[in-house]
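So this block is my_file.txt, compact mmCIF, C-alpha atoms:
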```
# COMPACT_ATOMS: atom_id res chain seq x y z
CA MET A 217 56.63 82.26 50.47
CA THR A 218 58.18 85.62 49.62
CA THR A 219 61.90 86.08 48.97
CA LEU A 220 62.34 87.98 52.24
CA LYS A 221 60.63 85.22 54.25
CA GLN A 222 62.75 82.55 52.58
CA ALA A 223 65.91 84.53 53.34
CA TRP A 224 64.87 85.05 56.97
CA VAL A 225 64.22 81.30 57.35
CA ILE A 226 67.81 80.62 56.22
CA VAL A 227 69.18 83.20 58.65
CA ARG A 228 67.18 81.74 61.54
CA SER A 229 68.20 78.19 60.67
CA GLU A 230 71.88 79.20 60.81
CA PHE A 231 71.48 80.57 64.31
CA HIS A 232 69.42 77.59 65.46
CA GLY A 233 72.04 75.24 64.04
CA ASP A 234 74.82 77.05 65.88
CA ARG A 235 73.44 78.79 68.95
CA TRP A 236 76.89 80.09 69.87
CA LYS A 237 77.27 81.90 66.56
CA LEU A 238 75.51 85.08 67.66
CA LEU A 239 77.33 85.14 71.00
CA TRP A 240 80.74 84.73 69.37
CA ALA A 241 79.92 87.35 66.73
CA LEU A 242 78.84 89.77 69.45
CA LEU A 243 81.96 89.05 71.53
CA PHE A 244 84.36 89.52 68.61
CA SER A 245 82.53 92.66 67.54
CA LEU A 246 82.65 94.05 71.07
CA LEU A 247 86.41 93.46 71.33
CA PHE A 248 87.19 94.80 67.87
CA MET A 249 84.85 97.78 67.95
CA GLY A 250 85.77 98.55 71.56
CA TYR A 251 89.47 98.77 70.73
CA PHE A 252 89.00 100.93 67.66
CA ALA A 253 86.35 103.09 69.34
CA ALA A 254 88.79 103.90 72.16
CA LEU A 255 91.57 104.67 69.66
CA SER A 256 89.28 106.67 67.37
CA GLY A 257 87.86 108.62 70.31
CA MET A 258 91.31 109.84 71.33
CA VAL A 259 92.26 110.79 67.78
CA ILE A 260 88.92 112.52 67.16
CA ASP A 261 89.38 114.56 70.35
CA ASP A 262 92.84 115.66 69.15
CA THR A 263 91.46 116.56 65.72
CA LEU A 264 88.56 118.57 67.14
CA THR A 265 90.88 120.52 69.43
CA GLY A 266 93.14 121.49 66.54
CA HIS A 267 96.07 119.14 67.06
CA ASP A 268 97.80 117.87 63.93
CA LYS A 269 96.22 114.42 63.64
CA GLN A 270 93.68 115.17 60.96
CA LEU A 271 94.98 112.58 58.48
CA LEU A 272 95.01 109.85 61.12
CA SER A 273 91.40 110.62 62.07
CA ASP A 274 90.29 110.17 58.46
CA VAL A 275 92.34 106.99 58.08
CA LEU A 276 90.73 105.47 61.19
CA MET A 277 87.18 106.48 60.28
CA VAL A 278 87.49 105.33 56.67
CA THR A 279 88.96 102.01 57.83
CA MET A 280 86.10 101.48 60.27
CA MET A 281 83.57 102.52 57.63
CA LEU A 282 84.87 99.66 55.48
CA MET A 283 84.64 97.26 58.45
CA LEU A 284 81.11 97.98 59.68
CA THR A 285 79.51 95.53 57.23
CA ILE A 286 81.64 92.57 58.35
CA THR A 287 80.39 89.89 60.72
CA PHE A 288 83.31 88.79 62.87
CA SER A 289 82.93 85.02 62.90
CA ARG A 290 84.97 81.88 62.33
CA ARG A 291 83.80 81.78 58.71
CA THR A 292 84.94 85.34 58.13
CA MET A 293 88.34 84.79 59.73
CA LYS A 294 89.02 81.66 57.63
CA TYR A 295 87.78 82.83 54.26
CA ILE A 296 91.32 82.48 52.83
CA SER A 297 92.52 79.18 54.32
CA GLU A 298 89.19 77.36 53.91
CA ASP A 299 87.56 79.45 51.14
CA SER A 300 84.58 79.51 53.51
CA TYR A 301 82.57 82.02 51.46
CA THR A 302 82.62 79.78 48.38
CA ARG A 303 81.77 76.69 50.45
CA MET A 304 78.84 78.46 52.08
CA LEU A 305 77.63 79.68 48.68
CA ALA A 306 77.80 76.13 47.32
CA TYR A 307 75.77 74.91 50.29
CA MET A 308 73.09 77.56 49.80
CA ARG A 309 72.94 76.93 46.04
CA ALA A 310 72.09 73.30 46.91
CA LEU A 311 69.06 74.41 48.96
CA PRO A 312 65.61 74.41 47.30
CA VAL A 313 65.45 78.21 47.27
CA PRO A 314 65.82 80.71 44.41
CA VAL A 315 69.00 82.69 43.84
CA ALA A 316 67.16 85.85 44.88
CA ALA A 317 66.57 84.39 48.35
CA ILE A 318 70.29 83.59 48.73
CA LEU A 319 71.18 87.17 47.86
CA CYS A 320 68.47 88.54 50.15
CA LYS A 321 69.86 86.41 52.99
CA ARG A 322 73.31 87.88 52.37
CA LYS A 323 71.90 91.41 52.48
CA LEU A 324 70.17 90.62 55.77
CA ASP A 325 73.54 89.43 57.12
CA THR A 326 75.05 92.75 56.05
CA LEU A 327 72.30 94.83 57.66
CA LEU A 328 72.55 92.83 60.91
CA ALA A 329 76.33 93.30 60.94
CA VAL A 330 75.99 97.05 60.32
CA ALA A 331 73.38 97.36 63.07
CA MET A 332 75.51 95.51 65.62
CA ASN A 333 78.91 96.98 64.73
CA SER A 334 77.76 100.57 64.29
CA THR A 335 75.74 100.53 67.53
CA LEU A 336 78.79 99.34 69.46
CA PHE A 337 81.31 101.54 67.66
CA PHE A 338 79.47 104.86 67.71
CA SER A 339 78.02 104.35 71.20
CA LEU A 340 81.48 103.69 72.61
CA ILE A 341 83.00 106.67 70.78
CA TYR A 342 80.36 108.97 72.28
CA LEU A 343 80.98 107.55 75.75
CA LEU A 344 84.78 107.69 75.50
CA SER A 345 85.22 110.98 73.64
CA PRO A 346 84.48 114.11 75.71
CA GLY A 347 85.47 116.25 72.74
CA ILE A 348 82.78 114.92 70.45
CA ARG A 349 80.17 115.09 73.23
CA ALA A 350 81.02 118.76 73.65
CA GLU A 351 80.94 119.36 69.89
CA LEU A 352 77.81 117.41 68.98
CA PRO A 353 74.55 117.14 70.95
CA PRO A 354 72.77 113.74 70.73
CA ALA A 355 70.68 114.55 67.63
CA SER A 356 73.69 115.89 65.75
CA TYR A 357 75.76 112.90 66.79
CA LEU A 358 73.09 110.56 65.45
CA ALA A 359 73.33 112.41 62.13
CA PHE A 360 77.12 112.01 62.25
CA ALA A 361 76.84 108.27 62.94
CA PHE A 362 74.21 107.65 60.25
CA THR A 363 76.31 109.57 57.73
CA TRP A 364 79.19 107.15 58.25
CA ILE A 365 76.77 104.21 58.18
CA GLY A 366 75.58 105.52 54.81
CA TYR A 367 79.18 105.62 53.58
CA SER A 368 79.52 102.00 54.73
CA LEU A 369 76.40 100.87 52.86
CA ILE A 370 77.77 102.39 49.66
CA VAL A 371 80.59 99.81 49.65
CA ALA A 372 78.51 96.96 51.13
CA GLY A 373 77.01 95.94 47.80
CA MET A 374 80.47 95.84 46.25
CA TYR A 375 81.64 93.51 49.04
CA ILE A 376 78.75 91.13 48.31
CA ILE A 377 79.33 90.87 44.56
CA ILE A 378 83.06 90.28 45.10
CA GLU A 379 82.36 87.66 47.77
CA PHE A 380 79.96 85.79 45.48
CA SER A 381 82.18 86.10 42.39
CA VAL A 382 85.69 85.00 43.37
CA SER A 383 87.65 82.68 45.65
CA GLY A 384 88.72 83.61 49.17
CA VAL A 385 92.28 84.46 48.13
CA MET A 386 91.13 86.71 45.29
CA TYR A 387 88.57 88.30 47.63
CA PHE A 388 91.38 89.21 50.03
CA TRP A 389 93.45 90.91 47.33
CA ILE A 390 90.50 92.81 45.85
CA ILE A 391 89.30 94.05 49.26
CA SER A 392 92.87 95.04 50.15
CA ALA A 393 93.03 97.07 46.94
CA VAL A 394 89.68 98.71 47.76
CA MET A 395 90.95 99.63 51.23
CA LEU A 396 94.19 101.07 49.85
CA LEU A 397 92.19 103.08 47.30
CA ALA A 398 89.88 104.45 50.04
CA LEU A 399 92.85 105.36 52.24
CA GLY A 400 94.58 106.94 49.25
CA MET A 401 91.52 109.12 48.67
CA SER A 402 91.70 110.19 52.34
CA GLY A 403 95.30 111.19 51.75
CA LEU A 404 94.36 113.23 48.69
CA VAL A 405 91.65 115.04 50.65
CA TYR A 406 94.23 115.83 53.35
CA LEU A 407 96.76 117.11 50.79
CA ALA A 408 94.04 119.32 49.33
CA GLY A 409 93.56 120.87 52.77
CA GLY A 410 90.33 119.07 53.65
CA ASN A 411 89.26 116.57 56.26
CA ILE A 412 86.37 114.12 55.89
CA LEU A 413 85.78 113.80 59.63
CA LEU A 414 85.66 117.54 60.28
CA ALA A 415 83.38 118.10 57.27
CA THR A 416 80.98 115.44 58.55
CA VAL A 417 81.05 116.93 62.05
CA ALA A 418 80.39 120.44 60.70
CA VAL A 419 77.40 119.41 58.57
CA SER A 420 75.95 117.23 61.35
CA LYS A 421 76.32 120.04 63.88
CA GLU A 422 74.62 122.59 61.63
CA TRP A 423 71.75 120.46 60.31
CA GLY A 424 71.23 117.72 62.91
CA LEU A 425 68.89 114.98 61.71
CA LEU A 426 67.99 117.11 58.68
CA SER A 427 71.58 116.81 57.45
CA PRO A 428 71.60 116.60 53.64
CA LEU A 429 74.91 114.74 53.86
CA MET A 430 73.37 112.06 56.10
CA TRP A 431 70.28 111.55 53.91
CA GLY A 432 72.38 111.65 50.77
CA ALA A 433 74.81 109.03 52.10
CA LEU A 434 71.96 106.76 53.23
CA ALA A 435 70.16 107.12 49.89
CA LEU A 436 73.34 106.39 47.95
CA GLY A 437 73.99 103.43 50.25
CA VAL A 438 70.59 101.88 49.56
CA LEU A 439 70.89 102.61 45.83
CA SER A 440 74.37 101.07 45.70
CA LEU A 441 73.21 97.98 47.55
CA GLN A 442 70.31 97.48 45.13
CA LEU A 443 72.39 98.08 41.99
CA PHE A 444 75.13 95.69 43.06
CA SER A 445 72.43 93.17 44.01
CA ARG A 446 71.14 93.14 40.43
CA TRP A 447 74.63 92.46 39.09
CA THR A 448 75.19 89.82 41.76
CA ILE A 449 72.04 87.92 40.70
CA HIS A 450 73.45 87.51 37.18
CA ARG A 451 76.83 86.45 38.59
CA LEU A 452 75.27 83.87 40.90
CA LYS A 453 73.39 82.23 38.03
CA SER A 454 76.57 81.73 36.02
CA ARG A 455 79.32 81.09 38.58
CA ASP A 456 80.84 77.59 38.58
CA LEU A 457 81.42 76.50 42.19
CA VAL A 458 83.22 73.24 41.40
```
Could the structure of this file be written out as structure tokens, please?
Amino acid sequence: MTTLKQAWVIVRSEFHGDRWKLLWALLFSLLFMGYFAALSGMVIDDTLTGHDKQLLSDVLMVTMMLMLTITFSRRTMKYISEDSYTRMLAYMRALPVPVAAILCKRKLDTLLAVAMNSTLFFSLIYLLSPGIRAELPPASYLAFAFTWIGYSLIVAGMYIIIEFSVSGVMYFWIISAVMLLALGMSGLVYLAGGNILLATVAVSKEWGLLSPLMWGALALGVLSLQLFSRWTIHRLKSRDLV
């Protein structure tokens, strides 16, 4: 059995063992993404029409970019109090599957989360934001969405190696530092007179699905995921879960 098939068997067994898991994940994602899509839509409209909310638009989009890879479940919400990530890793290490299959399963979880969250988030933004509909036709908006998905994949591999390397409490502090660093970079771009959102909109509008920014972000995302996966394999083989 190939690594991918082994990983998919684990994913399917999780959903069969808890048939409500997918429903709850979808519900939490719908509530979370719906709220932030409505808020982001209003701010994006103000930014596109020239109002002075350019920093806030970048802060919201960068925050959501960091959140697209997260599955909103009970395990995720209790990773600090119950150290649920470490417990789940210990359970999977006890299964008769290679370490590569465990990592592949985690990457499948990430891709499923990105697919679900980004579909909800960007679909709702397009529905709720008349400004972005006027600015970007469907093909250009797809380029815009996939560009931000590419940004998200760039940090996804880093999330996985941190999750598999440290306890829940340490994971929280490291991810908080990553988020503050990303938001700080948004602030620096703003102080330099730039805006990440407007730059992405401009490139997507000009190039559509041929956008070099979109393809570059997606390529870097895949490369980042694969590089971090190699480092994670070595970490998984040596981490003491006791």
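Here atom CA of A:Phe360 and atom CA of A:Met430 stand 7.2 Å from one another.
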- Message: Residues near stretch 275-283 of chain A, anyone? I mean within 8 Å using only C-alpha atoms, not counting same-chain ones fewer than 6 positions away, as a ChimeraX atom specification.
- Response: /A:252,256,364-365,367-368,371,395,398-399,402,413
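The neighbours of A:Lys421 here are the residues that come within 12 Å of it, using only C-alpha atoms and leaving out any residue fewer than 5 positions away in the same chain; they are Ile348, Arg349, Ala350, Glu351, Leu352, Pro353, Pro354, Ala355, Ser356, Tyr357, Leu358, Ala359, Phe360, Ala361, Leu414, Ala415, Thr416, Leu426, Ser427, Pro428, Leu429 and Met430 of chain A.
Atom CA of A:Leu272 is positioned 14.0 Å from atom CA of A:Ala254.
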- Item | Radius query 8 Å about (86.8, 120.5, 70.6), atoms used: all atoms listed in the file, as a PyMOL selection string | chain A and resi 261-266+347-348+350-351
- Hey, what's within 12 Å of A:Gln222 if we count all atoms listed in the file and toss same-chain stuff fewer than 5 positions away? As a list in words, please? Met217, Val227, Arg228, Ser229, Met308, Leu311, Pro312, Val313, Pro314, Val315, Ala316, Ala317, Ile318, Leu319, Cys320, Lys321, Arg322 and Leu324 of chain A
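Atom pair atom CA of A:Ser339 / atom CA of A:Leu439 has a distance of 26.4 Å (rounded to one decimal).
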- Contacts of stretch 372-382 of chain A at 7 Å (all atoms listed in the file; same-chain gap of 5+ positions) as a PyMOL selection string: chain A and resi 285+301+387+440-441+444-445+448+451-452+455
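Remark: for A:Trp431, the closest of the candidate residues A:Tyr406, A:Ala331, A:Leu336, A:Phe362 is A:Phe362 (distances computed over only C-alpha atoms).
Counting all atoms listed in the file, the residue from A:Met332, A:Leu344, A:Leu407, A:Ala433 that sits nearest to A:Leu369 is A:Ala433.
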